Structure formats: structure tokens, C-alpha cells
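Text of the file model_25.cif, holding mmCIF, N, CA and C atoms:
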```cif
data_data
#
loop_
_atom_site.label_atom_id
_atom_site.label_comp_id
_atom_site.auth_asym_id
_atom_site.auth_seq_id
_atom_site.Cartn_x
_atom_site.Cartn_y
_atom_site.Cartn_z
N MET A 18 25.99 28.80 47.87
CA MET A 18 26.27 28.02 46.70
C MET A 18 25.87 28.81 45.46
N ARG A 19 26.70 28.73 44.49
CA ARG A 19 26.41 29.42 43.25
C ARG A 19 25.80 28.45 42.26
N LYS A 20 24.82 28.94 41.54
CA LYS A 20 24.21 28.12 40.49
C LYS A 20 24.97 28.36 39.20
N LEU A 21 25.27 27.27 38.57
CA LEU A 21 25.96 27.37 37.29
C LEU A 21 24.94 27.54 36.18
N ARG A 22 25.22 28.48 35.31
CA ARG A 22 24.33 28.66 34.15
C ARG A 22 24.70 27.64 33.09
N SER A 23 23.66 27.05 32.56
CA SER A 23 23.94 26.07 31.50
C SER A 23 24.00 26.80 30.17
N ALA A 24 24.87 26.32 29.35
CA ALA A 24 25.02 26.90 28.02
C ALA A 24 23.79 26.51 27.18
N PRO A 25 23.41 27.36 26.22
CA PRO A 25 22.26 27.00 25.38
C PRO A 25 22.55 25.73 24.59
N ARG A 26 21.49 24.92 24.44
CA ARG A 26 21.64 23.67 23.68
C ARG A 26 21.92 23.98 22.22
N ARG A 27 22.76 23.19 21.63
CA ARG A 27 23.06 23.35 20.21
C ARG A 27 22.60 22.10 19.47
N CYS A 28 21.80 22.33 18.42
CA CYS A 28 21.33 21.21 17.60
C CYS A 28 22.32 20.86 16.52
N GLY A 29 23.08 21.80 16.10
CA GLY A 29 24.05 21.56 15.05
C GLY A 29 24.95 22.77 14.93
N THR A 30 25.87 22.71 14.04
CA THR A 30 26.81 23.82 13.91
C THR A 30 26.18 25.03 13.24
N ALA A 31 25.10 24.85 12.49
CA ALA A 31 24.51 25.96 11.75
C ALA A 31 23.63 26.83 12.63
N TYR A 32 23.10 26.29 13.72
CA TYR A 32 22.17 27.03 14.56
C TYR A 32 22.81 27.35 15.90
N ALA A 33 22.62 28.58 16.34
CA ALA A 33 23.15 28.97 17.63
C ALA A 33 22.30 28.40 18.76
N VAL A 34 21.00 28.37 18.56
CA VAL A 34 20.09 27.86 19.57
C VAL A 34 19.16 26.84 18.91
N CYS A 35 18.86 25.80 19.63
CA CYS A 35 18.00 24.74 19.10
C CYS A 35 16.55 25.21 19.05
N MET A 36 15.94 25.10 17.88
CA MET A 36 14.53 25.46 17.73
C MET A 36 13.77 24.18 17.42
N THR A 37 12.64 23.98 18.08
CA THR A 37 11.83 22.80 17.83
C THR A 37 10.55 23.21 17.11
N VAL A 38 10.13 22.37 16.21
CA VAL A 38 8.90 22.58 15.46
C VAL A 38 8.02 21.37 15.69
N ASN A 39 6.75 21.64 15.90
CA ASN A 39 5.79 20.56 16.09
C ASN A 39 5.80 19.68 14.84
N PRO A 40 5.94 18.36 14.98
CA PRO A 40 6.00 17.48 13.80
C PRO A 40 4.74 17.54 12.95
N VAL A 41 3.58 17.72 13.57
CA VAL A 41 2.33 17.79 12.80
C VAL A 41 2.33 19.03 11.92
N VAL A 42 2.75 20.16 12.48
CA VAL A 42 2.80 21.40 11.71
C VAL A 42 3.80 21.26 10.56
N ARG A 43 4.94 20.65 10.83
CA ARG A 43 5.94 20.44 9.80
C ARG A 43 5.40 19.57 8.67
N ASN A 44 4.72 18.46 9.01
CA ASN A 44 4.19 17.56 7.99
C ASN A 44 3.10 18.22 7.16
N VAL A 45 2.24 19.00 7.81
CA VAL A 45 1.19 19.72 7.08
C VAL A 45 1.82 20.73 6.14
N ALA A 46 2.85 21.40 6.58
CA ALA A 46 3.53 22.37 5.71
C ALA A 46 4.17 21.69 4.51
N ILE A 47 4.76 20.52 4.70
CA ILE A 47 5.36 19.79 3.59
C ILE A 47 4.30 19.38 2.58
N VAL A 48 3.16 18.86 3.05
CA VAL A 48 2.09 18.45 2.15
C VAL A 48 1.52 19.66 1.41
N ALA A 49 1.35 20.79 2.11
CA ALA A 49 0.85 22.00 1.47
C ALA A 49 1.83 22.50 0.41
N LEU A 50 3.11 22.43 0.69
CA LEU A 50 4.12 22.85 -0.28
C LEU A 50 4.09 21.96 -1.52
N LEU A 51 3.99 20.65 -1.33
CA LEU A 51 3.92 19.74 -2.46
C LEU A 51 2.65 19.97 -3.29
N ALA A 52 1.53 20.20 -2.61
CA ALA A 52 0.28 20.46 -3.33
C ALA A 52 0.37 21.75 -4.13
N ALA A 53 0.99 22.77 -3.55
CA ALA A 53 1.15 24.03 -4.27
C ALA A 53 2.06 23.85 -5.48
N MET A 54 3.09 23.04 -5.35
CA MET A 54 3.99 22.79 -6.48
C MET A 54 3.25 22.08 -7.61
N VAL A 55 2.39 21.11 -7.27
CA VAL A 55 1.65 20.39 -8.29
C VAL A 55 0.65 21.32 -8.97
N ALA A 56 0.02 22.20 -8.20
CA ALA A 56 -1.01 23.08 -8.76
C ALA A 56 -0.44 24.24 -9.55
N ILE A 57 0.69 24.79 -9.13
CA ILE A 57 1.19 26.03 -9.72
C ILE A 57 2.22 25.79 -10.82
N LEU A 58 3.17 24.91 -10.58
CA LEU A 58 4.26 24.72 -11.54
C LEU A 58 3.76 24.08 -12.83
N PRO A 59 4.29 24.49 -13.97
CA PRO A 59 3.90 23.84 -15.22
C PRO A 59 4.45 22.41 -15.25
N GLY A 60 3.61 21.50 -15.65
CA GLY A 60 4.01 20.10 -15.67
C GLY A 60 3.93 19.44 -14.31
N GLY A 61 3.35 20.11 -13.34
CA GLY A 61 3.25 19.54 -11.99
C GLY A 61 2.37 18.31 -11.95
N GLY A 62 1.28 18.33 -12.74
CA GLY A 62 0.40 17.17 -12.78
C GLY A 62 1.08 15.96 -13.38
N THR A 63 1.89 16.19 -14.41
CA THR A 63 2.64 15.09 -15.02
C THR A 63 3.69 14.55 -14.05
N GLY A 64 4.35 15.45 -13.36
CA GLY A 64 5.33 15.01 -12.36
C GLY A 64 4.68 14.22 -11.24
N ALA A 65 3.50 14.66 -10.80
CA ALA A 65 2.79 13.93 -9.75
C ALA A 65 2.39 12.55 -10.25
N ARG A 66 1.96 12.46 -11.52
CA ARG A 66 1.60 11.16 -12.08
C ARG A 66 2.80 10.22 -12.14
N VAL A 67 3.96 10.77 -12.47
CA VAL A 67 5.19 9.95 -12.52
C VAL A 67 5.53 9.43 -11.12
N VAL A 68 5.43 10.29 -10.13
CA VAL A 68 5.73 9.87 -8.75
C VAL A 68 4.73 8.82 -8.28
N LEU A 69 3.45 9.02 -8.58
CA LEU A 69 2.45 8.04 -8.17
C LEU A 69 2.64 6.70 -8.88
N THR A 70 3.02 6.75 -10.14
CA THR A 70 3.30 5.51 -10.86
C THR A 70 4.50 4.79 -10.27
N ALA A 71 5.52 5.54 -9.91
CA ALA A 71 6.70 4.94 -9.28
C ALA A 71 6.33 4.31 -7.93
N LEU A 72 5.52 5.01 -7.14
CA LEU A 72 5.08 4.45 -5.86
C LEU A 72 4.24 3.20 -6.08
N TYR A 73 3.39 3.22 -7.10
CA TYR A 73 2.57 2.05 -7.40
C TYR A 73 3.45 0.86 -7.78
N LEU A 74 4.48 1.09 -8.57
CA LEU A 74 5.36 0.00 -8.96
C LEU A 74 6.16 -0.54 -7.78
N VAL A 75 6.58 0.33 -6.88
CA VAL A 75 7.27 -0.12 -5.67
C VAL A 75 6.33 -0.97 -4.82
N PHE A 76 5.08 -0.51 -4.67
CA PHE A 76 4.08 -1.27 -3.91
C PHE A 76 3.82 -2.62 -4.56
N LEU A 77 3.69 -2.63 -5.89
CA LEU A 77 3.45 -3.88 -6.60
C LEU A 77 4.62 -4.84 -6.44
N GLY A 78 5.84 -4.33 -6.54
CA GLY A 78 7.01 -5.18 -6.35
C GLY A 78 7.09 -5.75 -4.94
N ALA A 79 6.76 -4.93 -3.94
CA ALA A 79 6.76 -5.42 -2.56
C ALA A 79 5.69 -6.48 -2.35
N THR A 80 4.54 -6.29 -2.98
CA THR A 80 3.46 -7.28 -2.87
C THR A 80 3.87 -8.60 -3.50
N VAL A 81 4.47 -8.55 -4.67
CA VAL A 81 4.93 -9.78 -5.32
C VAL A 81 5.99 -10.47 -4.48
N TRP A 82 6.88 -9.71 -3.88
CA TRP A 82 7.92 -10.29 -3.03
C TRP A 82 7.30 -11.00 -1.81
N VAL A 83 6.32 -10.36 -1.16
CA VAL A 83 5.69 -10.96 0.02
C VAL A 83 4.92 -12.21 -0.37
N VAL A 84 4.21 -12.17 -1.50
CA VAL A 84 3.46 -13.35 -1.95
C VAL A 84 4.41 -14.49 -2.28
N SER A 85 5.55 -14.20 -2.88
CA SER A 85 6.49 -15.28 -3.20
C SER A 85 7.06 -15.90 -1.93
N ILE A 86 7.33 -15.10 -0.93
CA ILE A 86 7.82 -15.64 0.34
C ILE A 86 6.74 -16.48 1.03
N LEU A 87 5.50 -15.97 1.03
CA LEU A 87 4.41 -16.75 1.62
C LEU A 87 4.20 -18.06 0.88
N TYR A 88 4.33 -18.04 -0.44
CA TYR A 88 4.17 -19.27 -1.20
C TYR A 88 5.25 -20.28 -0.82
N ARG A 89 6.49 -19.82 -0.69
CA ARG A 89 7.57 -20.74 -0.31
C ARG A 89 7.36 -21.31 1.08
N GLU A 90 6.85 -20.48 2.00
CA GLU A 90 6.65 -20.96 3.37
C GLU A 90 5.47 -21.92 3.47
N ARG A 91 4.44 -21.73 2.65
CA ARG A 91 3.21 -22.52 2.76
C ARG A 91 3.03 -23.51 1.61
N ARG A 92 4.08 -23.79 0.88
CA ARG A 92 3.97 -24.67 -0.29
C ARG A 92 3.46 -26.05 0.10
N ASP A 93 3.92 -26.59 1.20
CA ASP A 93 3.47 -27.93 1.61
C ASP A 93 1.99 -27.92 1.95
N TRP A 94 1.51 -26.84 2.56
CA TRP A 94 0.08 -26.73 2.88
C TRP A 94 -0.75 -26.67 1.60
N LEU A 95 -0.26 -25.96 0.58
CA LEU A 95 -0.99 -25.87 -0.68
C LEU A 95 -1.05 -27.23 -1.38
N TYR A 96 0.04 -28.00 -1.30
CA TYR A 96 0.05 -29.30 -1.95
C TYR A 96 -0.83 -30.32 -1.22
N LEU A 97 -1.17 -30.06 0.03
CA LEU A 97 -2.07 -30.95 0.75
C LEU A 97 -3.53 -30.74 0.35
N LEU A 98 -3.84 -29.61 -0.28
CA LEU A 98 -5.20 -29.38 -0.75
C LEU A 98 -5.51 -30.31 -1.91
N SER A 99 -6.79 -30.63 -2.07
CA SER A 99 -7.17 -31.44 -3.23
C SER A 99 -7.01 -30.60 -4.49
N ASP A 100 -6.98 -31.29 -5.62
CA ASP A 100 -6.78 -30.57 -6.89
C ASP A 100 -7.89 -29.56 -7.15
N GLY A 101 -9.12 -29.93 -6.83
CA GLY A 101 -10.24 -29.02 -7.05
C GLY A 101 -10.16 -27.77 -6.20
N ARG A 102 -9.83 -27.95 -4.92
CA ARG A 102 -9.72 -26.78 -4.03
C ARG A 102 -8.53 -25.91 -4.42
N ARG A 103 -7.44 -26.53 -4.80
CA ARG A 103 -6.28 -25.75 -5.23
C ARG A 103 -6.61 -24.96 -6.50
N ALA A 104 -7.35 -25.58 -7.43
CA ALA A 104 -7.75 -24.87 -8.65
C ALA A 104 -8.67 -23.69 -8.30
N LEU A 105 -9.60 -23.89 -7.35
CA LEU A 105 -10.47 -22.79 -6.92
C LEU A 105 -9.65 -21.66 -6.29
N LEU A 106 -8.68 -22.02 -5.48
CA LEU A 106 -7.86 -21.01 -4.82
C LEU A 106 -7.04 -20.21 -5.83
N TYR A 107 -6.41 -20.91 -6.78
CA TYR A 107 -5.63 -20.20 -7.80
C TYR A 107 -6.54 -19.39 -8.72
N GLY A 108 -7.73 -19.92 -9.02
CA GLY A 108 -8.69 -19.18 -9.84
C GLY A 108 -9.16 -17.91 -9.15
N ALA A 109 -9.42 -18.00 -7.84
CA ALA A 109 -9.84 -16.82 -7.08
C ALA A 109 -8.73 -15.78 -7.05
N ALA A 110 -7.49 -16.24 -6.90
CA ALA A 110 -6.36 -15.30 -6.91
C ALA A 110 -6.22 -14.64 -8.27
N GLY A 111 -6.42 -15.40 -9.33
CA GLY A 111 -6.34 -14.84 -10.68
C GLY A 111 -7.45 -13.84 -10.96
N VAL A 112 -8.68 -14.18 -10.55
CA VAL A 112 -9.81 -13.25 -10.73
C VAL A 112 -9.57 -11.97 -9.94
N LEU A 113 -9.06 -12.10 -8.73
CA LEU A 113 -8.78 -10.93 -7.92
C LEU A 113 -7.70 -10.06 -8.56
N ALA A 114 -6.66 -10.68 -9.10
CA ALA A 114 -5.59 -9.91 -9.74
C ALA A 114 -6.10 -9.17 -10.97
N VAL A 115 -6.90 -9.84 -11.81
CA VAL A 115 -7.42 -9.19 -13.01
C VAL A 115 -8.41 -8.09 -12.64
N THR A 116 -9.23 -8.34 -11.63
CA THR A 116 -10.21 -7.32 -11.20
C THR A 116 -9.49 -6.09 -10.65
N LEU A 117 -8.46 -6.29 -9.85
CA LEU A 117 -7.73 -5.14 -9.32
C LEU A 117 -6.98 -4.40 -10.42
N THR A 118 -6.55 -5.13 -11.45
CA THR A 118 -5.88 -4.48 -12.57
C THR A 118 -6.86 -3.60 -13.35
N ALA A 119 -8.10 -4.05 -13.48
CA ALA A 119 -9.10 -3.32 -14.26
C ALA A 119 -9.96 -2.39 -13.40
N THR A 120 -9.49 -2.02 -12.23
CA THR A 120 -10.30 -1.21 -11.32
C THR A 120 -10.74 0.10 -11.95
N SER A 121 -9.86 0.82 -12.59
CA SER A 121 -10.24 2.13 -13.13
C SER A 121 -11.29 2.00 -14.22
N ARG A 122 -11.21 0.97 -15.05
CA ARG A 122 -12.22 0.78 -16.09
C ARG A 122 -13.54 0.33 -15.50
N LEU A 123 -13.50 -0.56 -14.51
CA LEU A 123 -14.75 -1.05 -13.93
C LEU A 123 -15.48 0.04 -13.14
N TRP A 124 -14.74 0.90 -12.47
CA TRP A 124 -15.39 1.95 -11.68
C TRP A 124 -15.90 3.10 -12.55
N ALA A 125 -15.67 3.06 -13.86
CA ALA A 125 -16.13 4.12 -14.75
C ALA A 125 -17.63 4.06 -15.00
N THR A 126 -18.24 2.88 -14.81
CA THR A 126 -19.68 2.74 -15.04
C THR A 126 -20.34 2.15 -13.80
N PRO A 127 -21.64 2.41 -13.61
CA PRO A 127 -22.33 1.82 -12.45
C PRO A 127 -22.34 0.30 -12.48
N ALA A 128 -22.59 -0.29 -13.64
CA ALA A 128 -22.59 -1.76 -13.73
C ALA A 128 -21.19 -2.32 -13.45
N GLY A 129 -20.17 -1.62 -13.91
CA GLY A 129 -18.80 -2.05 -13.64
C GLY A 129 -18.46 -1.99 -12.16
N SER A 130 -18.99 -0.97 -11.48
CA SER A 130 -18.76 -0.86 -10.03
C SER A 130 -19.36 -2.04 -9.29
N ILE A 131 -20.58 -2.42 -9.69
CA ILE A 131 -21.23 -3.58 -9.06
C ILE A 131 -20.46 -4.85 -9.40
N ALA A 132 -20.03 -4.98 -10.65
CA ALA A 132 -19.25 -6.16 -11.05
C ALA A 132 -17.94 -6.23 -10.27
N TRP A 133 -17.29 -5.08 -10.05
CA TRP A 133 -16.04 -5.05 -9.30
C TRP A 133 -16.28 -5.55 -7.88
N LEU A 134 -17.34 -5.04 -7.24
CA LEU A 134 -17.64 -5.47 -5.86
C LEU A 134 -17.95 -6.96 -5.79
N VAL A 135 -18.73 -7.45 -6.76
CA VAL A 135 -19.08 -8.88 -6.76
C VAL A 135 -17.84 -9.74 -6.99
N LEU A 136 -17.00 -9.37 -7.95
CA LEU A 136 -15.81 -10.17 -8.24
C LEU A 136 -14.82 -10.18 -7.08
N VAL A 137 -14.58 -9.03 -6.49
CA VAL A 137 -13.65 -8.97 -5.35
C VAL A 137 -14.23 -9.74 -4.17
N GLY A 138 -15.52 -9.54 -3.89
CA GLY A 138 -16.15 -10.26 -2.78
C GLY A 138 -16.13 -11.76 -2.98
N ALA A 139 -16.44 -12.21 -4.19
CA ALA A 139 -16.44 -13.65 -4.46
C ALA A 139 -15.04 -14.24 -4.36
N SER A 140 -14.05 -13.52 -4.84
CA SER A 140 -12.67 -14.01 -4.77
C SER A 140 -12.19 -14.12 -3.32
N VAL A 141 -12.45 -13.08 -2.55
CA VAL A 141 -12.03 -13.09 -1.15
C VAL A 141 -12.78 -14.18 -0.38
N TYR A 142 -14.09 -14.30 -0.61
CA TYR A 142 -14.87 -15.34 0.08
C TYR A 142 -14.37 -16.73 -0.29
N THR A 143 -14.09 -16.97 -1.56
CA THR A 143 -13.60 -18.28 -1.99
C THR A 143 -12.27 -18.61 -1.31
N GLY A 144 -11.37 -17.64 -1.28
CA GLY A 144 -10.08 -17.87 -0.62
C GLY A 144 -10.23 -18.19 0.85
N PHE A 145 -11.04 -17.40 1.56
CA PHE A 145 -11.24 -17.67 2.98
C PHE A 145 -11.99 -18.97 3.22
N ALA A 146 -12.96 -19.32 2.38
CA ALA A 146 -13.70 -20.57 2.55
C ALA A 146 -12.78 -21.76 2.40
N ILE A 147 -11.85 -21.70 1.46
CA ILE A 147 -10.92 -22.82 1.26
C ILE A 147 -9.98 -22.93 2.46
N VAL A 148 -9.50 -21.80 2.97
CA VAL A 148 -8.60 -21.82 4.13
C VAL A 148 -9.36 -22.35 5.35
N TRP A 149 -10.58 -21.87 5.56
CA TRP A 149 -11.35 -22.36 6.72
C TRP A 149 -11.62 -23.84 6.63
N ALA A 150 -11.99 -24.33 5.43
CA ALA A 150 -12.26 -25.75 5.27
C ALA A 150 -11.00 -26.58 5.49
N ALA A 151 -9.87 -26.09 5.05
CA ALA A 151 -8.63 -26.86 5.21
C ALA A 151 -8.17 -26.87 6.66
N ARG A 152 -8.47 -25.83 7.43
CA ARG A 152 -8.03 -25.79 8.82
C ARG A 152 -8.92 -26.63 9.73
N ARG A 153 -10.12 -26.96 9.28
CA ARG A 153 -11.02 -27.77 10.10
C ARG A 153 -10.52 -29.19 10.27
N TYR A 154 -9.81 -29.68 9.28
CA TYR A 154 -9.36 -31.09 9.33
C TYR A 154 -8.04 -31.22 9.98
#
```

Can you present the structure in this file as C-alpha cells?
Amino acid sequence: MRKLRSAPRRCGTAYAVCMTVNPVVRNVAIVALLAAMVAILPGGGTGARVVLTALYLVFLGATVWVVSILYRERRDWLYLLSDGRRALLYGAAGVLAVTLTATSRLWATPAGSIAWLVLVGASVYTGFAIVWAARRY
């Protein structure tokens, strides 16, 4: 019996033979290339700031979209809360939003860092305490 030789695998029309690259090595090379572009090219820092701002806005838009969907799904549960608990929940959400907005200013000083931790912790605790209390009944 004769063994048939298999033709070399083709990945595409541009390559005669398929070459594989480790994905980790490829990703590290991409990050290193981007870092070199930011460090070496003139205006690279400004370009990086623009990209980070765009990513931040996309993240913020996605967060607002998810919160709006959650609000629509849980609206009846929110209306079952008493007025005082609902006011505490909305107040905690507002304090958390303002604190996260002022993160860079608060982290600039030691007292601001402590205030940031206290405000975020109190807001998160208040939200969870209201949810836990409402689920007990």
C-alpha cells in the first residue's frame, strides 16, 4: 500500500504554508507595540488620553443602559419599598455616583482618600442593607 502525501495546509491565499503564533506572545507584542507608540511618537500621550476617554464613555454608556434595564425589570420591587427606604436607596446611589465622579480629586489628598473609602463603603452598605431587609419579608 502506498501512503498518500498530504498537501501542506493553507491558511489563506497570501501564505504558502500555515504558520501559527502563540496567542500570548501575539498579545504581548501588540501591547508592547502600542506602548512604544505612546512613548515614542509625538502626541502619543494625547492620543492615548483620547482613546481612554472614548473607552470611558463607552463603559459609562453601557453602565447607564444596564441600570435602565434593571430599573425597568425591578420597578415593581422598588415601588413596594417604603418611602423612607426608597429615599435611602436613591440617596446612596446618588452619593455613590458623585463620589465615583470625583475620584481623581478625592484621591489627590490623604483626607480625600479616606473620605472616598467611607462614602463608597457607606453607599454600598446602605444599598445592600435595604435589599437584605426587603428580602426578609

Counting only C-alpha atoms, the residue of A:Val48, A:Leu77, A:Leu106, A:Val141 that sits nearest A:Thr118: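 Closest to A:Thr118, using only C-alpha atoms: A:Leu77.
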
Selection near stretch 88-104 of chain A, 9 Å with only C-alpha atoms, sequence-local residues under 4 positions removed, as an mmCIF file with N, CA and C atoms, in the frame of the given file:
```cif
data_model
loop_
_atom_site.group_PDB
_atom_site.id
_atom_site.type_symbol
_atom_site.label_atom_id
_atom_site.label_comp_id
_atom_site.auth_asym_id
_atom_site.auth_seq_id
_atom_site.Cartn_x
_atom_site.Cartn_y
_atom_site.Cartn_z
ATOM 1 N N VAL A 83 6.320 -10.360 -1.160
ATOM 2 C CA VAL A 83 5.690 -10.960 0.020
ATOM 3 C C VAL A 83 4.920 -12.210 -0.370
ATOM 4 N N VAL A 84 4.210 -12.170 -1.500
ATOM 5 C CA VAL A 84 3.460 -13.350 -1.950
ATOM 6 C C VAL A 84 4.410 -14.490 -2.280
ATOM 7 N N GLY A 108 -7.730 -19.920 -9.020
ATOM 8 C CA GLY A 108 -8.690 -19.180 -9.840
ATOM 9 C C GLY A 108 -9.160 -17.910 -9.150
ATOM 10 N N ALA A 109 -9.420 -18.000 -7.840
ATOM 11 C CA ALA A 109 -9.840 -16.820 -7.080
ATOM 12 C C ALA A 109 -8.730 -15.780 -7.050
ATOM 13 N N ILE A 147 -11.850 -21.700 1.460
ATOM 14 C CA ILE A 147 -10.920 -22.820 1.260
ATOM 15 C C ILE A 147 -9.980 -22.930 2.460
ATOM 16 N N ALA A 151 -9.870 -26.090 5.050
ATOM 17 C CA ALA A 151 -8.630 -26.860 5.210
ATOM 18 C C ALA A 151 -8.170 -26.870 6.660
#
```

Which residue of A:Arg152, A:Gly111, A:Ala125, A:Ala65 approaches A:Ser140 most closely, using all atoms listed in the file: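 Of the candidates, the smallest distance to A:Ser140 is held by A:Gly111.
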
Helix (DSSP H, G or I) positions in chain A, given as a PyMOL selection string: chain A and resi 40-57+61-90+92-97+100-118+120-123+127-153

Reference answer for the PyMOL selection byres ((chain A and resi 130-139) around 8), as a ChimeraX atom specification: /A:109,112-113,116-117,119-120,122-129,140-145

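Atom pair atom C of A:Ala150 / atom C of A:Val115: separated by 26.0 Å.
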
Atomic distance atom CA of A:Pro40 - atom CA of A:Val67, expressed in Å with one decimal: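 Value for the atom CA of A:Pro40-atom CA of A:Val67 distance: 27.4 Å.
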
Between atom N of A:Leu72 and atom CA of A:Val42 - distance in Å to one decimal: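 A separation of 25.1 Å between them.
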
Let me have the centre and edge lengths in Å, one decimal, of the box along x, y and z around every listed atom of stretch 85-99 of chain A with 6 Å of margin on each side, as lines of an AutoDock Vina configuration file.
```
center_x = 0.3
center_y = -22.8
center_z = -0.5
size_x = 27.0
size_y = 29.2
size_z = 20.0
```
